[in-house]
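Asks: Okay, here's the structure, questions in a sec.
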Amino acid sequence: MQSTDKINDLADALKQPADLNFELPDPEDEEIAEHDFLQQVDVAWQVCDRFDLQTEIWRGRILRAVRDREKVGGDGRGTGFLNWLKEREISKSQAYAWIQLANSADTLLEEGKLQPSAINNFSKRAFVETSKAAPEVQMMVSEAAQKGDRITRREVRQINDEWTAMTSELLPEQVKTKAADNSLPTRYIAPLVKEMEKLPESHQQSLQEEIAANPDVDTIKQVTTEARNLAKYLKAAAQVQALEKERIDIETALVEAQRVGCLNVAADLVNQASQMEQMIAKLYMTWKRISNLADRLYVDTGASTPNLRSLLDCVEPLGGEVMELQLSDATERIVRLQIQETM
């Protein structure tokens, strides 16, 4: 009986419209000061944001319950859960994003890091950002929310940047000291740490020495760009078959590029080479596909389908040994490509 009563209560609640009937200011009323207009609109927006967050947390909890029920009595492959999503036109990725949000909310609540009433002080994006942050950052954000502070994604990122600047082992002490006394903005430091984490220790050390020698904003920006280019270079170089065949010493080539000040150009060259090889592989597979489809269509067409046969005649050469394409630039150049298969 209790279960039936609860279901009836929920059903009755659905019949009631959500209490989101705002008195929005008239945008054409020139007597309303701009500051007052924006303040009234912002309040309404915050209410919608909180409503949206609470709704999505509960959607996640509902989806989690359906998924877990399937684990108990389903076929072991989650077919029932996927069918449930399909009936409601919910993608699998969206469903698990909601479940993750619900898991994050419940973890914060169960661990005592957040009081239920404090959730209303978060925007949805801020809450998602908090759920992805380190436990220490979650604690600091939760404390601010429980004090009644309005938490947006900007505040979460700022706290996260400050935490990164003060705790990352990749940063020299000179940088941490300047971050602590606010003489070096933390918003520049977090991207640097993110890029340095992608690099081998040997490259991290050289960058650390450069930052320690000049712990200022310009150096931080420069080293961040350098670290980004290094990461791109190393990632792309590992994927270029042409470099593997010749057994190029990637590390030595990298040192030489740094020495002559052309790391950015070298990184871009290796990245473009990687993309070119990927495009060649994709081109080959597409070329084979066009050839096979053209053969199938040729068998099914004839005198009764003259327009379809004309379409085939125009497209079929793209699956032939030599392909030709006129570039749509001012010179109207024609490019011819020939594919030769070798076993």
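Simple scheme: letters A, B, ... for chains in structure tokens order, numbers from 1 for residues in each chain, numbers from 1 for ligands in the order shown.
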I need the alpha helix (DSSP H) residues of region 107-248 of chain A per DSSP on the backbone, written as a PyMOL selection string.

Replies: chain A and resi 107-110+124-132+135-146+153-167+173-180+186-196+201-213+217-237+241-246

Asks: I'd like the contact shell of region 51-65 of chain A - 6 Å cut-off, only C-alpha atoms, skipping same-chain residues fewer than 6 positions apart - returned as a list in words.

Replies: Trp98, Ile99, Leu101, Ala102 and Lys124 of chain A

Asks: Keeping C-alpha atoms, export the residues of the selection given above as a compact mmCIF listing (two decimals), in the first residue's frame.

Replies:
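Saved as again.txt:
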```
# COMPACT_ATOMS: atom_id res chain seq x y z
CA TRP A 98 23.19 11.88 -16.15
CA ILE A 99 24.17 8.78 -14.15
CA LEU A 101 26.08 13.48 -12.38
CA ALA A 102 23.86 11.57 -9.96
CA LYS A 124 24.47 22.97 -13.42
```

Asks: What's the separation between CA of Phe81 (chain A) and CA of Thr130 (chain A), in Å to one decimal place?

Replies: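 Taking CA of Phe81 (chain A) as the start and CA of Thr130 (chain A) as the end point, the length is 28.1 Å.
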
Asks: Tell me which of A:Arg154, A:Lys176, A:Lys235, A:Lys221 sits closest to Leu199 (chain A), counting only C-alpha atoms.

Replies: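 Of all the options, A:Lys235 lies closest to Leu199 (chain A).
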
Asks: Can you pull out every residue within 9 Å of region 293-306 of chain A, counting only C-alpha atoms, but drop anything in the same chain fewer than 6 positions away, and send it as a list in words?

Replies: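 Once the adjacent positions are removed, what remains is Leu312, Val315, Glu316 and Gly319 of chain A.
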
Asks: Could you give me, as a ChimeraX atom specification, the residues within 8 Å of region 268-277 of chain A, counting only C-alpha atoms and dropping anything in the same chain fewer than 4 positions from it?

Replies: /A:232-233,236-237,239-241,264,281

Asks: Just the selected residues (C-alpha atoms), exported as an mmCIF file, in the first residue's frame, please.

Replies:
```
data_model
loop_
_atom_site.group_PDB
_atom_site.id
_atom_site.type_symbol
_atom_site.label_atom_id
_atom_site.label_comp_id
_atom_site.auth_asym_id
_atom_site.auth_seq_id
_atom_site.Cartn_x
_atom_site.Cartn_y
_atom_site.Cartn_z
ATOM 1 C CA LYS A 232 52.029 17.612 -30.439
ATOM 2 C CA TYR A 233 55.450 16.747 -31.871
ATOM 3 C CA ALA A 236 52.479 12.897 -34.037
ATOM 4 C CA ALA A 237 56.006 11.478 -34.447
ATOM 5 C CA GLN A 239 52.198 7.838 -35.511
ATOM 6 C CA VAL A 240 54.205 8.654 -38.661
ATOM 7 C CA GLN A 241 55.135 5.469 -40.513
ATOM 8 C CA ASN A 264 56.850 25.114 -33.765
ATOM 9 C CA ALA A 281 44.635 5.460 -45.666
#
```

Asks: Would you mind listing what lies within 7 Å of Ala165 (chain A) as an mmCIF file with N, CA and C atoms, in the first residue's frame, with only C-alpha atoms counted and same-chain residues fewer than 3 positions away left out?

Replies:
```cif
data_model
loop_
_atom_site.group_PDB
_atom_site.id
_atom_site.type_symbol
_atom_site.label_atom_id
_atom_site.label_comp_id
_atom_site.auth_asym_id
_atom_site.auth_seq_id
_atom_site.Cartn_x
_atom_site.Cartn_y
_atom_site.Cartn_z
ATOM 1 N N ASP A 161 42.282 26.235 -10.339
ATOM 2 C CA ASP A 161 43.551 26.812 -10.791
ATOM 3 C C ASP A 161 44.448 27.146 -9.600
ATOM 4 N N GLU A 162 43.858 27.707 -8.559
ATOM 5 C CA GLU A 162 44.632 28.065 -7.372
ATOM 6 C C GLU A 162 45.211 26.815 -6.711
ATOM 7 N N SER A 168 50.958 21.450 -7.503
ATOM 8 C CA SER A 168 51.564 20.656 -8.574
ATOM 9 C C SER A 168 53.073 20.503 -8.374
ATOM 10 N N LYS A 176 55.265 28.859 -7.368
ATOM 11 C CA LYS A 176 54.293 28.658 -6.296
ATOM 12 C C LYS A 176 54.265 29.848 -5.335
ATOM 13 N N ALA A 179 52.498 32.665 -7.000
ATOM 14 C CA ALA A 179 51.060 32.380 -7.071
ATOM 15 C C ALA A 179 50.414 32.615 -5.712
ATOM 16 N N THR A 186 46.931 32.766 -11.305
ATOM 17 C CA THR A 186 46.846 31.305 -11.423
ATOM 18 C C THR A 186 46.199 30.853 -12.727
ATOM 19 N N ILE A 189 48.764 29.584 -14.938
ATOM 20 C CA ILE A 189 49.571 28.457 -14.462
ATOM 21 C C ILE A 189 48.907 27.112 -14.746
ATOM 22 N N ALA A 190 47.567 27.040 -14.559
ATOM 23 C CA ALA A 190 46.858 25.770 -14.755
ATOM 24 C C ALA A 190 47.042 25.202 -16.169
#
```

Asks: Mind pulling up the distance from CA of Leu85 (chain A) to CA of Asn120 (chain A)?

Replies: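 Interatomic distance here is 28.1 Å.
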
Asks: Give me the residues within 12 Å of Gln205 (chain A) as a list in words, counting only C-alpha atoms and dropping any in the same chain fewer than 2 places off.

Replies: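 The neighbour list is Glu169, Leu170, Leu171, Pro172, Met196, Glu197, Leu199, Pro200, Glu201, Ser202, His203, Leu207, Gln208, Glu209, Glu210, Ile211, Ala212, Val223 and Ala227 of chain A.
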